[in-house]
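One file, entry-v3.cif, carrying mmCIF, C-alpha atoms and all ligand atoms:
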```cif
data_input
#
loop_
_atom_site.label_atom_id
_atom_site.label_comp_id
_atom_site.auth_asym_id
_atom_site.auth_seq_id
_atom_site.Cartn_x
_atom_site.Cartn_y
_atom_site.Cartn_z
CA MET X 1 0.00 0.00 0.00
CA SER X 2 1.52 3.34 -1.00
CA ALA X 3 2.27 5.99 1.63
CA ASP X 4 -0.35 8.38 0.31
CA THR X 5 -3.21 5.90 0.52
CA PHE X 6 -5.64 7.13 3.12
CA ARG X 7 -6.24 4.94 6.14
CA LEU X 8 -8.52 5.90 9.03
CA GLN X 9 -6.02 4.18 11.31
CA LYS X 10 -3.39 6.81 10.48
CA VAL X 11 -5.73 9.62 11.53
CA LEU X 12 -6.28 7.87 14.82
CA GLU X 13 -2.53 7.46 15.32
CA THR X 14 -1.65 11.08 14.54
CA PHE X 15 -4.33 12.50 16.82
CA ARG X 16 -3.20 10.09 19.53
CA SER X 17 0.39 11.34 19.15
CA SER X 18 -0.77 14.94 19.26
CA LEU X 19 -1.54 14.93 23.00
CA ASN X 20 1.21 14.82 25.59
CA GLU X 21 0.84 13.83 29.25
CA ASN X 22 0.16 17.46 30.23
CA LYS X 23 -2.71 17.51 27.74
CA GLU X 24 -0.87 19.88 25.47
CA VAL X 25 -1.43 19.53 21.73
CA TYR X 26 1.57 19.20 19.41
CA VAL X 27 1.12 21.40 16.34
CA LYS X 28 3.22 18.98 14.31
CA TYR X 29 0.84 16.07 14.82
CA TYR X 30 -2.25 18.23 14.68
CA ILE X 31 -1.34 19.30 11.16
CA ALA X 32 -0.22 15.77 10.29
CA GLY X 33 -3.73 14.64 11.23
CA TRP X 34 -5.13 17.29 8.91
CA GLN X 35 -2.75 16.22 6.18
CA GLU X 36 -4.29 12.74 6.41
CA LEU X 37 -7.76 14.22 6.19
CA VAL X 38 -6.74 16.11 3.06
CA THR X 39 -5.67 12.81 1.48
CA PHE X 40 -9.08 11.52 2.44
CA MET X 41 -10.90 14.50 0.88
CA ASN X 42 -8.86 14.15 -2.29
CA SER X 43 -9.85 10.53 -2.62
CA LEU X 44 -13.50 11.62 -2.56
CA GLY X 45 -13.05 13.36 -5.89
CA ASN X 46 -12.46 16.78 -7.39
CA VAL X 47 -15.51 18.45 -5.87
CA PHE X 48 -13.62 18.57 -2.62
CA SER X 49 -10.53 20.18 -4.07
CA PHE X 50 -11.50 23.77 -3.24
CA ILE X 51 -12.09 22.68 0.33
CA SER X 52 -8.84 20.78 0.60
CA LYS X 53 -6.92 23.68 -1.01
CA ASP X 54 -7.90 25.99 1.82
CA VAL X 55 -6.95 23.38 4.41
CA VAL X 56 -3.62 22.78 2.64
CA SER X 57 -2.79 26.48 2.66
CA LYS X 58 -3.55 26.67 6.38
CA ILE X 59 -1.41 23.62 7.10
CA GLN X 60 1.36 25.36 5.14
CA ILE X 61 1.12 28.56 7.19
CA LEU X 62 1.47 26.58 10.41
CA GLU X 63 4.32 24.49 8.99
CA ASN X 64 6.17 27.67 8.08
CA PHE X 65 5.89 28.93 11.65
CA LEU X 66 7.03 25.58 12.97
CA SER X 67 10.11 25.46 10.77
CA GLY X 68 10.84 29.20 11.03
CA GLU X 69 13.14 30.98 13.44
CA SER X 70 10.49 31.16 16.17
CA GLY X 71 9.65 27.49 15.62
CA SER X 72 10.35 26.52 19.23
CA HIS X 73 7.37 28.67 20.30
CA TYR X 74 5.09 26.77 17.95
CA VAL X 75 5.68 23.28 19.30
CA THR X 76 2.32 23.09 21.08
CA ILE X 77 -0.91 25.00 20.57
CA GLN X 78 -0.51 26.19 24.17
CA SER X 79 2.97 27.64 23.58
CA MET X 80 1.87 29.19 20.29
CA VAL X 81 -1.05 31.02 21.93
CA LYS X 82 1.14 32.26 24.75
CA TYR X 83 3.93 33.42 22.44
CA GLU X 84 1.73 35.16 19.89
CA LEU X 85 -0.36 36.93 22.55
CA GLU X 86 2.62 38.05 24.61
CA ASN X 87 4.30 39.47 21.52
CA ASP X 88 1.22 41.13 19.99
CA LEU X 89 1.32 38.89 16.94
CA VAL X 90 -2.45 38.39 16.69
CA ASP X 91 -5.07 40.64 15.09
CA LEU X 92 -7.70 40.47 17.82
CA THR X 93 -10.65 42.44 16.48
CA LYS X 94 -10.02 43.16 12.84
CA ARG X 95 -7.49 42.05 10.30
CA GLY X 96 -4.46 44.30 10.27
CA SER X 97 -0.75 43.68 10.50
CA HIS X 98 -1.05 39.98 11.40
CA PRO X 99 -3.66 38.60 9.00
CA GLU X 100 -2.17 35.10 9.10
CA SER X 101 -1.27 34.55 12.73
CA GLY X 102 -0.87 31.01 13.96
CA CYS X 103 -3.81 31.55 16.33
CA ARG X 104 -6.34 32.62 13.68
CA THR X 105 -5.10 30.02 11.19
CA LEU X 106 -5.40 27.18 13.65
CA LEU X 107 -8.82 28.45 14.73
CA ARG X 108 -10.10 27.77 11.18
CA LEU X 109 -8.87 24.19 11.33
CA HIS X 110 -10.22 23.87 14.84
CA ARG X 111 -13.72 24.85 13.73
CA ALA X 112 -13.49 22.44 10.81
CA LEU X 113 -12.44 19.68 13.19
CA HIS X 114 -15.75 20.10 14.98
CA TRP X 115 -17.56 19.56 11.73
CA LEU X 116 -15.52 16.44 11.09
CA GLU X 117 -16.25 15.11 14.55
CA LEU X 118 -20.02 15.63 14.15
CA PHE X 119 -19.97 14.10 10.71
CA LEU X 120 -17.97 11.00 11.67
CA GLU X 121 -20.24 10.48 14.65
CA ARG X 122 -23.22 10.49 12.29
CA LEU X 123 -21.45 8.10 9.97
CA ARG X 124 -20.63 5.79 12.86
CA THR X 125 -24.24 5.55 13.98
CA SER X 126 -25.72 5.60 10.46
CA THR X 127 -27.86 2.91 8.92
CA GLU X 128 -27.91 1.48 5.41
CA ASP X 129 -30.32 4.06 4.05
CA SER X 130 -28.55 7.08 5.59
CA LYS X 131 -27.26 9.55 3.02
CA THR X 132 -23.72 10.88 3.33
CA SER X 133 -24.70 14.21 1.77
CA VAL X 134 -27.36 14.72 4.44
CA MET X 135 -25.07 13.65 7.28
CA CYS X 136 -22.37 15.97 5.98
CA SER X 137 -24.59 18.99 5.60
CA ASP X 138 -26.37 18.45 8.93
CA ALA X 139 -22.99 18.36 10.64
CA TYR X 140 -21.90 21.41 8.67
CA ASN X 141 -25.00 23.43 9.50
CA GLU X 142 -24.55 22.63 13.16
CA SER X 143 -20.97 23.82 13.25
CA LEU X 144 -18.84 25.43 10.58
CA ALA X 145 -21.62 27.00 8.54
CA GLN X 146 -22.18 29.73 11.10
CA HIS X 147 -18.63 30.95 10.45
CA HIS X 148 -18.94 30.96 6.65
CA PRO X 149 -20.44 33.62 4.40
CA TRP X 150 -23.28 32.77 2.05
CA LEU X 151 -21.13 32.12 -1.01
CA ILE X 152 -18.93 29.55 0.73
CA ARG X 153 -21.99 27.86 2.25
CA LYS X 154 -23.45 27.51 -1.25
CA ALA X 155 -20.25 26.07 -2.70
CA VAL X 156 -19.85 23.66 0.20
CA GLY X 157 -23.46 22.57 -0.28
CA VAL X 158 -22.76 21.76 -3.92
CA ALA X 159 -19.71 19.71 -2.96
CA PHE X 160 -21.80 17.71 -0.48
CA CYS X 161 -24.35 16.81 -3.11
CA ALA X 162 -21.59 15.19 -5.13
CA LEU X 163 -20.40 13.01 -2.26
CA PRO X 164 -20.27 9.29 -2.89
CA GLY X 165 -22.72 7.05 -1.07
CA ARG X 166 -22.24 5.44 2.31
CA ASP X 167 -20.74 2.19 1.01
CA THR X 168 -18.04 4.00 -0.97
CA PHE X 169 -17.35 6.17 2.04
CA PHE X 170 -16.75 3.17 4.24
CA GLU X 171 -14.44 1.78 1.58
CA VAL X 172 -12.46 5.01 1.24
CA LEU X 173 -11.99 5.08 5.02
CA ASN X 174 -9.98 1.94 4.34
CA ALA X 175 -10.27 0.19 7.67
CA GLY X 176 -11.86 -3.14 6.83
CA ASP X 177 -15.51 -4.11 6.68
CA HIS X 178 -18.32 -1.90 7.98
CA ALA X 179 -18.17 -3.31 11.49
CA GLN X 180 -14.44 -2.68 11.69
CA VAL X 181 -14.80 0.89 10.41
CA VAL X 182 -17.52 1.52 12.98
CA ALA X 183 -15.31 0.12 15.74
CA LEU X 184 -12.34 2.24 14.68
CA LEU X 185 -14.54 5.34 14.47
CA GLY X 186 -15.69 4.56 18.00
CA GLU X 187 -12.06 4.53 19.06
CA SER X 188 -11.00 7.63 17.09
CA LEU X 189 -13.86 9.96 17.91
CA PRO X 190 -13.18 10.38 21.64
CA LEU X 191 -9.57 11.28 20.77
CA ILE X 192 -10.59 13.84 18.19
CA ALA X 193 -13.19 15.18 20.63
CA GLU X 194 -10.58 15.51 23.36
CA VAL X 195 -8.14 17.42 21.14
CA TYR X 196 -11.04 19.61 20.04
CA GLN X 197 -12.16 20.32 23.62
CA ILE X 198 -8.69 21.13 24.89
CA THR X 199 -8.20 23.62 22.05
CA GLU X 200 -11.69 25.06 22.55
CA ASP X 201 -11.08 25.62 26.29
CA LEU X 202 -7.70 27.21 25.62
CA TYR X 203 -9.14 29.57 23.01
CA ALA X 204 -12.14 30.41 25.19
CA LYS X 205 -9.93 31.16 28.18
CA ASN X 206 -7.92 33.60 26.06
CA ASN X 207 -10.91 35.13 24.28
CA LEU X 208 -9.73 33.92 20.90
CA LEU X 209 -12.82 32.17 19.57
CA GLU X 210 -13.83 35.02 17.28
CA LEU X 211 -10.50 35.97 15.76
CA PRO X 212 -10.98 37.75 12.41
C1 LIG Q 301 -15.80 14.70 4.17
C2 LIG Q 301 -15.34 15.34 5.42
C3 LIG Q 301 -14.30 16.39 5.20
C4 LIG Q 301 -14.12 17.29 6.40
C5 LIG Q 301 -13.16 18.36 6.14
C6 LIG Q 301 -13.55 19.66 6.73
C7 LIG Q 301 -12.88 20.79 6.03
C8 LIG Q 301 -13.70 22.02 6.06
C9 LIG Q 301 -13.11 23.13 5.28
C10 LIG Q 301 -14.14 24.02 4.65
C11 LIG Q 301 -13.45 24.99 3.73
C12 LIG Q 301 -14.41 25.68 2.78
C13 LIG Q 301 -13.72 26.65 1.86
C14 LIG Q 301 -12.85 27.65 2.56
C15 LIG Q 301 -13.32 28.56 3.40
C16 LIG Q 301 -12.45 29.53 4.15
O1 LIG Q 301 -12.92 30.82 3.85
C17 LIG Q 301 -12.58 29.23 5.62
N1 LIG Q 301 -11.79 28.08 5.95
C18 LIG Q 301 -12.23 27.10 6.77
C19 LIG Q 301 -11.29 25.95 7.01
O2 LIG Q 301 -13.30 27.13 7.31
C20 LIG Q 301 -12.20 30.39 6.51
O3 LIG Q 301 -10.85 30.72 6.32
P1 LIG Q 301 -10.47 32.26 6.07
O4 LIG Q 301 -11.17 32.69 4.80
O5 LIG Q 301 -10.96 33.02 7.27
O6 LIG Q 301 -8.97 32.28 5.93
#
```

Let me see the structure of the file written as structure tokens.
Ligand code: 1PW
Amino acid sequence: MSADTFRLQKVLETFRSSLNENKEVYVKYYIAGWQELVTFMNSLGNVFSFISKDVVSKIQILENFLSGESGSHYVTIQSMVKYELENDLVDLTKRGSHPESGCRTLLRLHRALHWLELFLERLRTSTEDSKTSVMCSDAYNESLAQHHPWLIRKAVGVAFCALPGRDTFFEVLNAGDHAQVVALLGESLPLIAEVYQITEDLYAKNNLLELP
């Protein structure tokens, strides 16, 4: 199996590696998890390419911070928030001199992670006649949609309509038969939820949930 074949197992592993014993989240593994999800989106077909492009550019911004001269401050989400806030590197109310801070960039991925969590939970508990497009858009409307302008919501809606059916989805997740996929989702989701919650609490505590 080639390295760029998507496997749900890899997502589980990267999100597991992203938490240390102090419940800090490693940026490196957080974006590696997203990189896996991009591979997943790409295997769903071209309709998802405008979505994955945005995610790819955000992964790139964070990678540049991580490999840049202040990289040591970007090791965990916690250290990134502290560093950027202490050094006034975040546009807090409107976009200005720091339009692509680590904090605002990660916040976009963070919001999208909530969508993913809600969607995978629906997929996990779905039945044979459940529609992936409906599960996807219900999850979207409950989460990310409120942060997107009308035009993006429309485009995302179109992409959802072109999603493959549930059987193909289970296949693309590449984790065995349906029962095995469901079991692995059951194992992965609490991890994703934990990473999400830790980030959410950190951002809430620092008043960063509405960064422009
Ligand atoms: C099949 C399951 C796939 C789940 C992947 C979830 C990815 C969601 C990304 C949606 C991106 C839509 C197009 C881009 C919109 C950007 O404007 C928006 N980005 C995100 C990630 O929400 C906001 O970023 P911006 O414009 O403030 O830099």

Write out as a tab-separated table a residue-level contact list of segment 128-200 of chain X versus segment 35-51 of chain X with cut-off 8 Å: for each qualifying residue the closest pair of atoms and the distance in Å to one decimal, counting all atoms listed in the file, rows sorted by chain and residue number upward.
```
residue	atom	partner	partner_atom	distance
X:Val156	CA	X:Ile51	CA	7.8
X:Ala159	CA	X:Val47	CA	5.3
X:Ala162	CA	X:Val47	CA	6.9
X:Leu163	CA	X:Leu44	CA	7.0
X:Pro164	CA	X:Leu44	CA	7.2
X:Val172	CA	X:Ser43	CA	7.2
X:Leu173	CA	X:Phe40	CA	7.5
```

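Closest to ligand LIG 301 (chain Q) among X:Glu121, X:Glu194, X:Glu84, X:Glu24 is X:Glu121, based on all atoms listed in the file.
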
Sorted by chain and rising residue number, list the residues of chain X at most 6 Å from ligand LIG 301 (chain Q) (counting only C-alpha atoms and all ligand atoms), each with its closest atom pair and distance in Å to one decimal, as CSV.
```
residue,atom,partner,partner_atom,distance
X:Met41,CA,Q:LIG301,C3,5.8
X:Ile51,CA,Q:LIG301,C11,4.3
X:Asp54,CA,Q:LIG301,C14,5.3
X:Val55,CA,Q:LIG301,C19,5.7
X:Arg108,CA,Q:LIG301,C19,4.7
X:Leu109,CA,Q:LIG301,C19,5.3
X:Ala112,CA,Q:LIG301,C8,4.8
X:Leu116,CA,Q:LIG301,C4,5.0
```

One-decimal distance in Å that lies between atom CA of Thr199 of chain X and atom CA of Asp88 of chain X: 20.0 Å

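The interatomic distance for the pair atom CA of Tyr74 of chain X and atom CA of Cys103 of chain X works out to 10.2 Å.
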
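If you look at atom CA of Gln197 of chain X and atom CA of Ala179 of chain X, they are 27.2 Å away from each other.
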
Spatial neighbours of Cys136 of chain X, 10 Å, all atoms listed in the file, chain gap at least 6 places, as a ChimeraX atom specification: /X:115-116,118-120,122-123,156-157,160-161,163

Spatial neighbours of His147 of chain X, max dist 12 Å, all atoms listed in the file, sep filter under 5 positions, as a list in words: Leu107, Arg108, Leu109, His110, Arg111, Ala112, Trp115, Tyr140, Asn141, Glu142, Ile152, Arg153, Leu209, Glu210, Leu211 and Pro212 of chain X

Counting all atoms listed in the file, the residue of X:Trp34, X:His148, X:Arg104, X:Met135 that sits nearest Leu92 of chain X: X:Arg104

Near-Val75 of chain X list (9 Å; all atoms listed in the file; drop same-chain fewer than 6 positions) as a ChimeraX atom specification: /X:25-28,66

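Here the question is which of X:Lys154, X:Pro190, X:Arg124, X:Leu19 gets nearest to Phe170 of chain X using all atoms listed in the file, and that residue is X:Arg124.
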
Nearest candidate to Gly33 of chain X (options X:Leu113, X:Leu89, X:Leu202, X:Ile61; using only C-alpha atoms): X:Leu113

Polymer residues at most 7 Å from Leu191 of chain X, only C-alpha atoms, same-chain spacing of 3 or more positions, as number ranges by chain: X: 15-16, 188, 194-195

Please produce an output containing C-alpha atoms for each residue in the selection, written as a PDB file, in the coordinates of the input.
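Result went into out39.pdb, see below:
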```
ATOM      1  CA  PHE X  15      -4.330  12.500  16.820  1.00  0.00           C
ATOM      2  CA  ARG X  16      -3.200  10.090  19.530  1.00  0.00           C
ATOM      3  CA  SER X 188     -11.000   7.630  17.090  1.00  0.00           C
ATOM      4  CA  GLU X 194     -10.580  15.510  23.360  1.00  0.00           C
ATOM      5  CA  VAL X 195      -8.140  17.420  21.140  1.00  0.00           C
TER       6      VAL X 195
END
```

Residue nearest Glu13 of chain X - candidates X:Ser70, X:Ala193, X:Glu187, X:Leu144, atoms counted: all atoms listed in the file: X:Glu187

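If only C-alpha atoms are the atoms counted, then among X:Val81, X:Gly165, X:Glu128, X:Tyr29 the closest residue to Ala204 of chain X is X:Val81.
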
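Contact shell of Ala175 of chain X at 7 Å (only C-alpha atoms; same-chain neighbours under 2 positions omitted): Arg7, Leu8, Gln9, Leu173, Asp177, Gln180 and Val181 of chain X.
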